file upload-v4.cif (mmCIF, C-alpha atoms)
data_data
loop_
_atom_site.group_PDB
_atom_site.id
_atom_site.type_symbol
_atom_site.label_atom_id
_atom_site.label_comp_id
_atom_site.auth_asym_id
_atom_site.auth_seq_id
_atom_site.Cartn_x
_atom_site.Cartn_y
_atom_site.Cartn_z
ATOM 1 C CA MET K 1 0.000 0.000 0.000
ATOM 2 C CA GLY K 2 1.333 3.462 -0.901
ATOM 3 C CA GLU K 3 1.996 6.111 1.683
ATOM 4 C CA LEU K 4 -0.827 8.501 2.484
ATOM 5 C CA THR K 5 0.610 11.994 2.581
ATOM 6 C CA SER K 6 -2.390 14.161 3.481
ATOM 7 C CA ILE K 7 -6.141 14.449 3.766
ATOM 8 C CA GLU K 8 -7.649 17.903 3.308
ATOM 9 C CA PHE K 9 -11.181 18.960 4.187
ATOM 10 C CA GLN K 10 -12.426 22.019 2.279
ATOM 11 C CA ASP K 11 -15.609 24.008 2.622
ATOM 12 C CA ASN K 12 -15.630 26.827 0.109
ATOM 13 C CA ALA K 13 -17.847 29.843 -0.559
ATOM 14 C CA GLU K 14 -20.004 27.914 -3.023
ATOM 15 C CA ALA K 15 -21.163 25.685 -0.141
ATOM 16 C CA THR K 16 -19.447 22.660 -1.631
ATOM 17 C CA PHE K 17 -17.454 20.328 0.517
ATOM 18 C CA THR K 18 -14.613 18.145 -0.689
ATOM 19 C CA ILE K 19 -12.152 15.753 0.851
ATOM 20 C CA THR K 20 -8.824 15.585 -0.975
ATOM 21 C CA ILE K 21 -6.675 12.563 -0.203
ATOM 22 C CA THR K 22 -3.064 12.876 -1.364
ATOM 23 C CA HIS K 23 -0.994 9.738 -1.772
ATOM 24 C CA ALA K 24 2.113 8.491 -3.535
ATOM 25 C CA THR K 25 0.411 8.091 -6.919
ATOM 26 C CA GLY K 26 -1.487 11.397 -6.937
ATOM 27 C CA HIS K 27 -4.648 12.519 -5.236
ATOM 28 C CA THR K 28 -8.302 11.600 -4.991
ATOM 29 C CA ILE K 29 -11.092 14.113 -4.497
ATOM 30 C CA LEU K 30 -14.425 13.165 -2.962
ATOM 31 C CA ILE K 31 -17.146 15.656 -3.868
ATOM 32 C CA LYS K 32 -19.745 16.834 -1.359
ATOM 33 C CA ASP K 33 -22.166 13.912 -1.670
ATOM 34 C CA GLU K 34 -19.357 11.347 -1.511
ATOM 35 C CA ALA K 35 -17.680 13.100 1.426
ATOM 36 C CA LEU K 36 -20.983 13.299 3.310
ATOM 37 C CA ALA K 37 -21.658 9.626 2.630
ATOM 38 C CA ILE K 38 -18.292 8.630 4.117
ATOM 39 C CA ILE K 39 -18.739 10.862 7.162
ATOM 40 C CA HIS K 40 -22.277 9.612 7.795
ATOM 41 C CA PHE K 41 -21.104 6.026 7.378
ATOM 42 C CA MET K 42 -18.509 6.687 10.068
ATOM 43 C CA THR K 43 -21.268 7.820 12.444
ATOM 44 C CA ARG K 44 -22.928 4.423 12.037
ATOM 45 C CA ILE K 45 -19.844 2.354 12.845
ATOM 46 C CA GLY K 46 -19.654 1.207 16.432
ATOM 47 C CA TRP K 47 -17.049 -0.422 18.590
ATOM 48 C CA PRO K 48 -18.366 -3.963 17.869
ATOM 49 C CA ASP K 49 -17.971 -3.315 14.110
ATOM 50 C CA LEU K 50 -14.412 -2.113 14.559
ATOM 51 C CA LEU K 51 -13.502 -5.125 16.682
ATOM 52 C CA LYS K 52 -15.065 -7.469 14.139
ATOM 53 C CA HIS K 53 -13.105 -5.968 11.229
ATOM 54 C CA SER K 54 -9.743 -5.373 12.885
ATOM 55 C CA LYS K 55 -6.814 -7.683 13.550
ATOM 56 C CA ASN K 56 -6.775 -6.868 17.272
ATOM 57 C CA ASN K 57 -7.854 -4.313 19.876
ATOM 58 C CA ASP K 58 -4.915 -2.005 19.119
ATOM 59 C CA GLU K 59 -5.930 -1.744 15.476
ATOM 60 C CA ALA K 60 -9.552 -1.135 16.493
ATOM 61 C CA TYR K 61 -8.453 1.724 18.768
ATOM 62 C CA VAL K 62 -6.466 3.273 15.894
ATOM 63 C CA MET K 63 -9.539 3.004 13.653
ATOM 64 C CA MET K 64 -11.710 4.676 16.291
ATOM 65 C CA ARG K 65 -9.227 7.534 16.741
ATOM 66 C CA ALA K 66 -9.073 8.030 12.971
ATOM 67 C CA ILE K 67 -12.869 8.124 12.719
ATOM 68 C CA ASP K 68 -13.080 10.583 15.601
ATOM 69 C CA LYS K 69 -10.483 12.860 13.993
ATOM 70 C CA ALA K 70 -12.205 12.748 10.589
ATOM 71 C CA GLN K 71 -15.576 13.554 12.149
ATOM 72 C CA THR K 72 -14.072 16.444 14.111
ATOM 73 C CA ALA K 73 -12.395 17.846 10.992
ATOM 74 C CA PHE K 74 -15.669 17.593 9.084
ATOM 75 C CA CYS K 75 -17.595 19.318 11.864
ATOM 76 C CA ASN K 76 -15.016 22.093 12.039
ATOM 77 C CA ALA K 77 -15.126 22.582 8.268
ATOM 78 C CA GLN K 78 -18.919 22.643 8.247
ATOM 79 C CA HIS K 79 -19.141 24.680 11.478
ATOM 80 C CA ARG K 80 -21.776 22.300 12.829
ATOM 81 C CA PRO K 81 -22.070 18.808 14.281
ATOM 82 C CA ILE K 82 -22.943 15.827 12.109
#

call {"tool": "encode", "arguments": {"input": "upload-v4.cif", "output": "structure tokens"}}
result
Amino acid sequence: MGELTSIEFQDNAEATFTITITHATGHTILIKDEALAIIHFMTRIGWPDLLKHSKNNDEAYVMMRAIDKAQTAFCNAQHRPI
């Protein structure tokens, strides 16, 4: 798997929201509907799901922290809670 170099949340004046994911082979942009779908999906994932789909508890904790950080970044960009 290539190295992830950055994830950028943008909320511009046209009320569009994008997530740009930069990686070794370029970048991927999720438009507003796609970004919202990912964020809302993350709100539906619970601890049992993470445990079921992780190798161990440590990996599940990392997943949970990543989800929490992504949700916080989204909320900050949108200036409102999910």

call {"tool": "resolve_selection", "arguments": {"input": "upload-v4.cif", "expression": "the PyMOL selection byres ((chain K and resi 64) around 10)", "output": "list in words"}}
result
Met42, Ile45, Gly46, Trp47, Leu50, Leu51, Asp58, Glu59, Ala60, Tyr61, Val62, Met63, Arg65, Ala66, Ile67, Asp68, Lys69 and Ala70 of chain K

call {"tool": "write_last_selection", "arguments": {"input": "upload-v4.cif", "atoms": "C-alpha atoms", "output": "PDB file, keeping the file's coordinate frame"}}
result
ATOM      1  CA  MET K  42     -18.509   6.687  10.068  1.00  0.00           C
ATOM      2  CA  ILE K  45     -19.844   2.354  12.845  1.00  0.00           C
ATOM      3  CA  GLY K  46     -19.654   1.207  16.432  1.00  0.00           C
ATOM      4  CA  TRP K  47     -17.049  -0.422  18.590  1.00  0.00           C
ATOM      5  CA  LEU K  50     -14.412  -2.113  14.559  1.00  0.00           C
ATOM      6  CA  LEU K  51     -13.502  -5.125  16.682  1.00  0.00           C
ATOM      7  CA  ASP K  58      -4.915  -2.005  19.119  1.00  0.00           C
ATOM      8  CA  GLU K  59      -5.930  -1.744  15.476  1.00  0.00           C
ATOM      9  CA  ALA K  60      -9.552  -1.135  16.493  1.00  0.00           C
ATOM     10  CA  TYR K  61      -8.453   1.724  18.768  1.00  0.00           C
ATOM     11  CA  VAL K  62      -6.466   3.273  15.894  1.00  0.00           C
ATOM     12  CA  MET K  63      -9.539   3.004  13.653  1.00  0.00           C
ATOM     13  CA  ARG K  65      -9.227   7.534  16.741  1.00  0.00           C
ATOM     14  CA  ALA K  66      -9.073   8.030  12.971  1.00  0.00           C
ATOM     15  CA  ILE K  67     -12.869   8.124  12.719  1.00  0.00           C
ATOM     16  CA  ASP K  68     -13.080  10.583  15.601  1.00  0.00           C
ATOM     17  CA  LYS K  69     -10.483  12.860  13.993  1.00  0.00           C
ATOM     18  CA  ALA K  70     -12.205  12.748  10.589  1.00  0.00           C
TER      19      ALA K  70
END

call {"tool": "atom_distance", "arguments": {"input": "upload-v4.cif", "atom1": "CA of Thr25 in chain K", "atom2": "CA of Gln71 in chain K"}}
result
25.5 Å

call {"tool": "atom_distance", "arguments": {"input": "upload-v4.cif", "atom1": "CA of Thr72 in chain K", "atom2": "CA of Asn57 in chain K"}}
result
22.4 Å

call {"tool": "atom_distance", "arguments": {"input": "upload-v4.cif", "atom1": "CA of Ile39 in chain K", "atom2": "CA of Thr22 in chain K"}}
result
18.0 Å
